[in-house]
$ cat data_7.tsv   # TSV, C-alpha atoms
chain	number	residue	atom	x	y	z
A	1	MET	CA	12.41	95.22	40.20
A	2	ILE	CA	15.59	94.00	41.87
A	3	VAL	CA	15.57	93.95	45.66
A	4	SER	CA	18.93	94.01	47.42
A	5	HIS	CA	19.32	92.14	50.67
A	6	ARG	CA	22.99	92.95	51.04
A	7	LYS	CA	23.93	95.57	53.61
A	8	PRO	CA	26.79	97.95	52.86
A	9	GLN	CA	30.15	96.72	54.16
A	10	VAL	CA	33.06	98.83	55.41
A	11	CYS	CA	36.50	97.44	56.25
A	12	VAL	CA	38.27	98.76	59.31
A	13	LEU	CA	42.03	98.61	58.70
A	14	GLY	CA	44.92	99.73	60.83
A	15	SER	CA	46.40	99.86	64.27
A	16	ALA	CA	46.32	102.05	67.36
A	17	GLU	CA	47.19	101.40	70.96
A	18	PRO	CA	44.60	101.28	73.76
A	19	GLY	CA	44.18	104.64	75.45
A	20	SER	CA	45.09	106.64	72.35
A	21	ARG	CA	42.65	108.98	70.62
A	22	ALA	CA	42.87	106.80	67.47
A	23	TYR	CA	41.88	103.72	69.51
A	24	GLU	CA	38.89	105.52	71.00
A	25	LEU	CA	37.78	106.75	67.56
A	26	ALA	CA	38.16	103.21	66.16
A	27	GLY	CA	35.69	101.98	68.78
A	28	GLU	CA	33.28	104.84	68.04
A	29	ALA	CA	33.59	104.11	64.31
A	30	GLY	CA	32.59	100.47	64.86
A	31	GLU	CA	29.59	101.56	66.89
A	32	VAL	CA	28.41	104.14	64.36
A	33	LEU	CA	28.79	101.67	61.47
A	34	ALA	CA	26.54	99.23	63.32
A	35	ARG	CA	24.03	101.95	64.16
A	36	LEU	CA	23.87	102.90	60.47
A	37	GLY	CA	23.23	99.29	59.41
A	38	ILE	CA	26.68	98.89	57.83
A	39	THR	CA	28.46	95.54	58.23
A	40	VAL	CA	31.93	95.90	59.75
A	41	VAL	CA	34.69	93.88	58.08
A	42	SER	CA	37.67	93.48	60.39
A	43	GLY	CA	40.56	91.12	60.88
A	44	CYS	CA	40.24	91.94	64.62
A	45	GLY	CA	44.00	91.42	64.91
A	46	SER	CA	45.10	94.83	66.16
A	47	PRO	CA	43.72	96.59	69.23
A	48	ALA	CA	42.05	99.23	66.99
A	49	THR	CA	40.34	96.80	64.63
A	50	ARG	CA	39.33	94.58	67.54
A	51	VAL	CA	37.71	97.43	69.50
A	52	ALA	CA	35.83	98.51	66.36
A	53	ALA	CA	34.43	94.98	66.07
A	54	GLU	CA	33.61	94.72	69.77
A	55	ARG	CA	31.76	98.04	69.80
A	56	ALA	CA	29.86	97.13	66.60
A	57	ILE	CA	28.70	93.87	68.19
A	58	ARG	CA	27.64	95.68	71.38
A	59	ALA	CA	25.54	97.96	69.15
A	60	ASN	CA	23.86	94.86	67.63
A	61	GLY	CA	25.78	95.16	64.37
A	62	LEU	CA	27.19	92.54	62.06
A	63	VAL	CA	30.94	91.89	61.98
A	64	LEU	CA	32.72	89.76	59.38
A	65	SER	CA	36.21	88.79	60.50
A	66	ILE	CA	38.60	87.51	57.84
A	67	VAL	CA	41.44	85.78	59.68
A	68	PRO	CA	44.78	84.61	58.19
A	69	PRO	CA	44.95	81.03	59.61
A	70	ASP	CA	42.97	78.06	58.35
A	71	HIS	CA	41.16	77.45	61.63
A	72	MET	CA	38.45	79.13	63.64
A	73	PRO	CA	39.56	81.54	66.36
A	74	ALA	CA	38.54	81.22	70.01
A	75	PRO	CA	34.79	81.35	70.73
A	76	ASP	CA	35.11	84.83	72.24
A	77	TRP	CA	36.48	86.28	68.96
A	78	PRO	CA	34.60	89.56	68.30
A	79	ALA	CA	32.71	88.63	65.14
A	80	THR	CA	29.29	87.42	64.06
A	81	VAL	CA	30.75	85.68	60.99
A	82	VAL	CA	34.33	84.38	60.70
A	83	LEU	CA	36.14	83.47	57.50
A	84	PRO	CA	39.39	81.60	58.20
A	85	CYS	CA	41.11	81.91	54.84
A	86	GLY	CA	44.36	79.96	55.42
A	87	MET	CA	46.20	82.47	53.23
A	88	GLY	CA	48.43	84.27	55.75
A	89	ASP	CA	49.25	87.79	54.59
A	90	ALA	CA	47.62	87.13	51.21
A	91	ARG	CA	44.32	87.56	53.08
A	92	ASN	CA	44.97	91.31	52.78
A	93	LEU	CA	43.47	91.14	49.28
A	94	LEU	CA	40.26	89.67	50.69
A	95	MET	CA	40.15	92.48	53.25
A	96	ALA	CA	40.63	95.09	50.52
A	97	LEU	CA	37.89	93.61	48.36
A	98	ALA	CA	35.35	92.88	51.12
A	99	GLY	CA	34.35	96.49	51.75
A	100	ASP	CA	32.41	99.05	49.81
A	101	ALA	CA	34.94	101.42	51.44
A	102	CYS	CA	37.86	101.14	53.87
A	103	ILE	CA	38.40	103.09	57.08
A	104	VAL	CA	42.14	103.47	57.74
A	105	ILE	CA	43.39	104.09	61.28
A	106	GLY	CA	47.11	104.63	61.93
A	107	GLY	CA	48.70	101.66	60.27
A	108	ARG	CA	51.85	99.69	59.74
A	109	ALA	CA	53.09	97.48	56.89
A	110	GLY	CA	50.01	95.21	56.81
A	111	THR	CA	47.70	98.22	56.68
A	112	LYS	CA	49.72	99.75	53.85
A	113	SER	CA	49.39	96.49	51.92
A	114	GLU	CA	45.60	96.43	52.42
A	115	VAL	CA	45.25	100.12	51.49
A	116	HIS	CA	47.31	99.75	48.32
A	117	LEU	CA	45.24	96.74	47.27
A	118	ALA	CA	42.01	98.63	48.03
A	119	TRP	CA	43.32	101.55	45.93
A	120	LEU	CA	44.14	99.25	43.00
A	121	HIS	CA	40.59	97.86	43.18
A	122	LYS	CA	39.00	101.32	43.39
A	123	ARG	CA	37.68	101.17	46.96
A	124	PRO	CA	37.15	104.57	48.63
A	125	LEU	CA	39.55	105.23	51.50
A	126	LEU	CA	38.55	107.00	54.73
A	127	PRO	CA	41.77	107.75	56.63
A	128	LEU	CA	41.67	109.00	60.21
A	129	VAL	CA	43.80	112.16	60.40
A	130	GLY	CA	45.13	114.19	63.29
A	131	CYS	CA	45.90	111.20	65.52
A	132	GLY	CA	49.32	110.21	64.21
A	133	GLY	CA	50.32	107.17	62.24
A	134	TRP	CA	50.46	106.46	58.56
A	135	SER	CA	46.79	107.34	57.92
A	136	ASP	CA	47.67	111.00	58.61
A	137	GLU	CA	49.80	111.01	55.46
A	138	LEU	CA	47.35	109.27	53.12
A	139	PRO	CA	45.32	112.32	51.96
A	140	SER	CA	48.43	114.18	50.76
A	141	ASN	CA	50.33	111.06	49.64
A	142	PRO	CA	47.98	108.66	47.84
A	143	PRO	CA	49.35	105.27	46.77
A	144	ASP	CA	50.05	106.61	43.26
A	145	GLU	CA	49.00	109.25	40.73
A	146	ARG	CA	46.01	107.39	39.22
A	147	GLU	CA	43.27	108.87	41.43
A	148	ASN	CA	41.62	105.43	41.52
A	149	SER	CA	39.17	106.27	44.26
A	150	PRO	CA	38.24	109.05	46.64
A	151	ILE	CA	40.32	109.63	49.75
A	152	LEU	CA	37.98	111.16	52.33
A	153	PRO	CA	39.80	112.08	55.55
A	154	TRP	CA	38.03	112.38	58.89
A	155	SER	CA	39.00	113.41	62.39
A	156	THR	CA	35.59	113.24	64.10
A	157	ILE	CA	32.72	110.77	64.01
A	158	ALA	CA	30.52	113.48	62.45
A	159	GLU	CA	33.02	113.80	59.58
A	160	LEU	CA	33.14	110.01	59.19
A	161	GLU	CA	29.33	109.88	58.99
A	162	ALA	CA	29.30	112.69	56.41
A	163	ASN	CA	31.85	110.80	54.30
A	164	LEU	CA	29.86	107.56	54.52
A	165	ARG	CA	26.73	109.46	53.48
A	166	SER	CA	28.55	111.07	50.53
A	167	LEU	CA	29.47	107.57	49.34
A	168	GLY	CA	25.80	106.53	49.51
A	169	LEU	CA	26.45	103.88	52.17
A	170	PHE	CA	23.49	105.04	54.24
A	171	LYS	CA	20.68	107.51	54.01
A	172	SER	CA	19.79	110.03	56.70
A	173	VAL	CA	16.59	109.34	58.56
A	174	ALA	CA	14.30	112.36	58.35

$ encode --input "data_7.tsv" --output "structure tokens"
Amino acid sequence: MIVSHRKPQVCVLGSAEPGSRAYELAGEAGEVLARLGITVVSGCGSPATRVAAERAIRANGLVLSIVPPDHMPAPDWPATVVLPCGMGDARNLLMALAGDACIVIGGRAGTKSEVHLAWLHKRPLLPLVGCGGWSDELPSNPPDERENSPILPWSTIAELEANLRSLGLFKSVA
């Protein structure tokens, strides 16, 4: 019998400004991932990805931060494990590959790059919808026609949890 010690991992990709609904949901997403025993993977570079990491840590979760430079960030960086890759924007491939699924919040060019790489490597995408930004468009405009992986939109934490459950990333406690 094979025993797995690896916890599920979910990347949090994107951007949202403090005070916005997307920013608040990013923080709640980080907290719920930690509560469910899912490791958060985050670059922690945008306010949204940083708040997700901070809230996950406050909930006693694990956070892996993959950072573009070749050196360690400041000691107060919101992560339990840091991987300085020294690859600049090429680190987006590591982000895309490091999760069993990817939460997408808002997003700009870097997020689009990560999402397209995740799509090519068949990672499920969980875009936040109803809060503006590029993630709103993802369910109706996937990266291409191949249907590589599921696109499971969410607009509430309950919907996010249901999507994570449908992917088998956690089991409900009876």

$ atom_distance --input "data_7.tsv" --atom1 "atom CA of Leu160 of chain A" --atom2 "atom CA of Pro127 of chain A"
9.3 Å

$ atom_distance --input "data_7.tsv" --atom1 "atom CA of Ala79 of chain A" --atom2 "atom CA of Ala56 of chain A"
9.1 Å

$ residues_around --input "data_7.tsv" --residues "Ala52 of chain A" --least-positions-apart "2" --cutoff "6 Å" --atoms "all atoms listed in the file" --output "list of chain:residue names"
A:Ala26, A:Gly27, A:Gly30, A:Thr49, A:Arg50, A:Glu54, A:Arg55

$ write_last_selection --input "data_7.tsv" --atoms "C-alpha atoms" --output "mmCIF file, in the frame of the given file"
data_model
loop_
_atom_site.group_PDB
_atom_site.id
_atom_site.type_symbol
_atom_site.label_atom_id
_atom_site.label_comp_id
_atom_site.auth_asym_id
_atom_site.auth_seq_id
_atom_site.Cartn_x
_atom_site.Cartn_y
_atom_site.Cartn_z
ATOM 1 C CA ALA A 26 38.160 103.210 66.160
ATOM 2 C CA GLY A 27 35.690 101.980 68.780
ATOM 3 C CA GLY A 30 32.590 100.470 64.860
ATOM 4 C CA THR A 49 40.340 96.800 64.630
ATOM 5 C CA ARG A 50 39.330 94.580 67.540
ATOM 6 C CA GLU A 54 33.610 94.720 69.770
ATOM 7 C CA ARG A 55 31.760 98.040 69.800
#

$ closest_residue --input "data_7.tsv" --among "A:Ile105, A:Met72, A:Ala96, A:Leu167" --to "Glu24 of chain A" --atoms "all atoms listed in the file"
A:Ile105

$ closest_residue --input "data_7.tsv" --among "A:Glu137, A:Glu159, A:Asp89, A:Asp100" --to "Trp119 of chain A" --atoms "all atoms listed in the file"
A:Asp100

$ atom_distance --input "data_7.tsv" --atom1 "atom CA of Leu83 of chain A" --atom2 "atom CA of Gly43 of chain A"
9.5 Å

$ residues_around --input "data_7.tsv" --residues "Val63 of chain A" --least-positions-apart "3" --cutoff "9 Å" --atoms "all atoms listed in the file" --output "ChimeraX atom specification"
/A:34,39-42,53-54,56-57,78-82

$ closest_residue --input "data_7.tsv" --among "A:Leu13, A:Ser140, A:His116, A:Ser20" --to "Ile66 of chain A" --atoms "all atoms listed in the file"
A:Leu13

$ decode --input "data_7.tsv" --residues "segment 54-66 of chain A" --atoms "N, CA, C and O atoms" --output "mmCIF file, in the first residue's frame"
data_model
loop_
_atom_site.group_PDB
_atom_site.id
_atom_site.type_symbol
_atom_site.label_atom_id
_atom_site.label_comp_id
_atom_site.auth_asym_id
_atom_site.auth_seq_id
_atom_site.Cartn_x
_atom_site.Cartn_y
_atom_site.Cartn_z
ATOM 1 N N GLU A 54 -0.819 35.598 3.467
ATOM 2 C CA GLU A 54 -0.865 36.053 4.860
ATOM 3 C C GLU A 54 -2.005 35.395 5.633
ATOM 4 O O GLU A 54 -1.821 34.937 6.758
ATOM 5 N N ARG A 55 -3.170 35.341 5.017
ATOM 6 C CA ARG A 55 -4.328 34.751 5.703
ATOM 7 C C ARG A 55 -4.153 33.244 5.868
ATOM 8 O O ARG A 55 -4.601 32.666 6.868
ATOM 9 N N ALA A 56 -3.514 32.583 4.909
ATOM 10 C CA ALA A 56 -3.242 31.142 5.042
ATOM 11 C C ALA A 56 -2.303 30.890 6.216
ATOM 12 O O ALA A 56 -2.521 29.977 7.014
ATOM 13 N N ILE A 57 -1.272 31.706 6.343
ATOM 14 C CA ILE A 57 -0.322 31.543 7.450
ATOM 15 C C ILE A 57 -1.020 31.792 8.780
ATOM 16 O O ILE A 57 -0.829 31.033 9.737
ATOM 17 N N ARG A 58 -1.853 32.829 8.861
ATOM 18 C CA ARG A 58 -2.590 33.109 10.100
ATOM 19 C C ARG A 58 -3.495 31.950 10.486
ATOM 20 O O ARG A 58 -3.787 31.751 11.665
ATOM 21 N N ALA A 59 -3.932 31.168 9.482
ATOM 22 C CA ALA A 59 -4.791 30.004 9.747
ATOM 23 C C ALA A 59 -3.957 28.738 9.926
ATOM 24 O O ALA A 59 -4.462 27.629 9.827
ATOM 25 N N ASN A 60 -2.652 28.906 10.179
ATOM 26 C CA ASN A 60 -1.713 27.797 10.401
ATOM 27 C C ASN A 60 -1.527 26.909 9.183
ATOM 28 O O ASN A 60 -1.261 25.712 9.314
ATOM 29 N N GLY A 61 -1.643 27.492 7.990
ATOM 30 C CA GLY A 61 -1.443 26.743 6.765
ATOM 31 C C GLY A 61 -0.009 26.831 6.270
ATOM 32 O O GLY A 61 0.813 27.573 6.813
ATOM 33 N N LEU A 62 0.255 26.058 5.245
ATOM 34 C CA LEU A 62 1.563 26.079 4.586
ATOM 35 C C LEU A 62 1.474 26.944 3.338
ATOM 36 O O LEU A 62 0.507 26.855 2.576
ATOM 37 N N VAL A 63 2.517 27.759 3.118
ATOM 38 C CA VAL A 63 2.584 28.616 1.934
ATOM 39 C C VAL A 63 3.950 28.453 1.299
ATOM 40 O O VAL A 63 4.981 28.703 1.936
ATOM 41 N N LEU A 64 3.959 28.036 0.034
ATOM 42 C CA LEU A 64 5.171 27.983 -0.778
ATOM 43 C C LEU A 64 5.171 29.220 -1.662
ATOM 44 O O LEU A 64 4.220 29.445 -2.414
ATOM 45 N N SER A 65 6.214 30.028 -1.554
ATOM 46 C CA SER A 65 6.344 31.215 -2.390
ATOM 47 C C SER A 65 7.485 31.008 -3.372
ATOM 48 O O SER A 65 8.629 30.789 -2.975
ATOM 49 N N ILE A 66 7.147 31.055 -4.658
ATOM 50 C CA ILE A 66 8.153 30.944 -5.717
ATOM 51 C C ILE A 66 8.425 32.355 -6.214
ATOM 52 O O ILE A 66 7.553 32.985 -6.820
#
